[in-house]
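The structure appears right after this line, and notes come after that.
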Amino acid sequence: MRKFSQQFKTGVSVAAVVVVLLGVYSYRKLQALAADPTGEKDCGPAAGGGEQAKIDLERIKAIAPLKDVKWSQLGGSINDASCLNKTEIYGGVDVRSVEDIARTLAFARDNKLAVTTSGVRHSMGGHAFRKGGIVLDMRGFNRIVLNESSRSITVQPGATWHDIQNVLHPRFAVRAMQSTDIFTVGGSISVNAHGMDQQAGALAKSIKSMTVMLADGSLQTVSATENKDLFNLVVGGYGLFGVIVEAELDIADNLVYQTGRRVMDYKEFPALFAGEIEKDGNIGLMYGHLSTAPSSFLKELLLYTYTKVDDADFKREPLGEVSGTKLRRLTINLSKQGPLFQEMKWLSEKHIEHRMETCTVTRAQAIGSAEACLVNRNDPMHDSVPYLRNALPNDTDILHEYFIPRSQFVSFVDGMRKVLTDNKTNLLNASVRVVHQENNFLTYSPEPAFSLVLYINQTTDDEGNRRMKKATEELIDLTIAHKGRFFLPYQLYYSKDQLQRSYPQINDFFAAKRKYDPGELFTNTFYQKYAS
C-alpha cells in the first residue's frame, strides 16, 4: 500500500476501523462514508455570488461556429474543485494545438468575449473562469518531451505532474511541484506552486523558459533573463497575462532517501529547522503535520524527513498507483464526524501509519533486516488522491494557505488555534512546509517563510458558507498582523482592503495587466471582483 499523500496524509489504523465497526456507526453509514463518487458534485452557485444570469444560448449558437476548433460545451455552467462556484459560461474549447488557442483568442476579440485557461480547476475562487466567458480547457494539450542531455523536460501546459513522473521515472524526478500530482503544469506555474523540497524553492526557480501567447495572438519567449518583467508576471499571475503554450523545466536525479519522522512540540520546530534541517544538504524533502485532534489541537507536530542515502547499487520499483482508496476515504470522512474520530486519526498517524509504510527501493545486497525504509524521490509525491473525492451530499473540503515569516510561526499558530476553535472549524489536516523568498511580481513570500496549508471540511449550505467566510476573514487578519500573506488561489472571501494590506503591489499588478492586455481579454472572476 502506497503512503498517503504528503499534503493530506492520514493514518489508516486497523484498530480504529475495528472500533468503528463494533458499534459507533451502522454498516450503511460506513458504506456511505467510503463510497466512490458517482460524478461531479453540484453544490449550487458561489457563496455570496447572487443569482447567476442566464447566458443567451441562441446568441451563442448563432456565432459559435469556429472553424477547426472543437467546443467541449456551448453555454451551460462550469465549477471548480470546491463545488461552490457554479458559473454559467459562453462555452469551453477543447485545446489540442497552438492554433486552437490562436483561433479562439481571435474569435473572442471579434465578439468581445473574455477568455480564461483551465486545467483541473483546483483554484477555488473562479480563477479559471468567469460568467459569460470562454474557457480554454488545456487538459488535452499535454505533450511531454524528456531532454536527457540538458536534464530538462519540455511540456505543454495541460500535462499533469502524475504523467510527468511516469515519463521521468526511474532515472529522473521533478525538481519542484505540489505535494500531490493531480495538478497541471500550466496551473502550477500560474500560482507559482511549491512543495516538499525545502531547498528547491517554488516552481519559478525550475523554469528555464516559457512560450506565452499574448492577447493579440503573438508568441513571446520569457525566462528569468529574457523578457524578465513578463516572466515575473506570468509566474503567479493567475492566467491574466497570456496563455502558457510550452515550458521547459529543470529536472532532478531520482535520488534514494531514507524516511524519518519525529513527534515534537510545535514550539520546537522553528529552532530545529534553523539549527538542523536548513543546514543539512542531505535532507531532500521535508514537511510537518500539526495535530488536528482536540486534545492536542495544533500543539503537536509530526515532522517527516527524507534524507539522501549514499550512492549504491539500488533497485527501484516501478511507480505504482494508490491502493486502499475506500479505506483511506473512510478514515478521512470519519474524521469529519466528531472529536472521537479526530483523536483516532491523529493517534493512527502518530503510532501506526509509519509501520505500514511501503519501501520501494532495495539494495542489491541488503545490509541487514533492520535497515531503515528507502524510497525514491518520486514516491512521496506520486499520489493522485482519489480518496479525497467522495459521494457525501452537502459536503465539501476547502484549502487555505498562509505564508508566515519564520520568526512569527509560534505566535501565528497560537492565534490560528483560537480562530479555528472559536469558529468550530472542522480542520482535517494542517501541513507545514518551507518557502524561500520568491521574486515573481505578485509574490506570496517576499521573505523566507513557513507555509501553513489547511484542509477544512464545510457544509455547502448558507450556514457552512457563512462560517467559512468568517473564519477566512479572521485568519487573513491574523496573517496580516503577523506580516504574512495569504495564498490567492482560494475562495474570494477577503475584502479589497485585506488584499491591499497583504499584497501592497496589487494595484501595480493590475496596472501591468492592463498594459499587456489593454482590452482585458483575459478576465477571470478574481480579476472582476478585485480590479474594478
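In the C-alpha cells, chains take the letters A, B, ... in the order shown, each chain's residues start at 1, and ligands count up from 1 in the order shown.
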Set the distance at 8 Å and use only C-alpha atoms: which residues neighbour Tyr493 in chain A once local chain neighbours fewer than 5 positions away are removed? I'd like the list as a ChimeraX atom specification.
/A:469,472-473
Between A:Phe522, A:Phe403, A:Phe412, A:Tyr530, which residue has the minimum interatomic distance to Arg130 in chain A, considering only C-alpha atoms?
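Using only C-alpha atoms, Arg130 in chain A sits closest to A:Phe522.
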Could you pull out the residues in range 111-183 of chain A that DSSP calls alpha helix (DSSP H) from the backbone, as a PyMOL selection string?
chain A and resi 161-168
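Of the residues under consideration (A:Leu442, A:Leu319, A:Met468, A:Gly519), A:Leu442 shows the shortest atom-to-atom contact distance to Gln500 in chain A when counting only C-alpha atoms.
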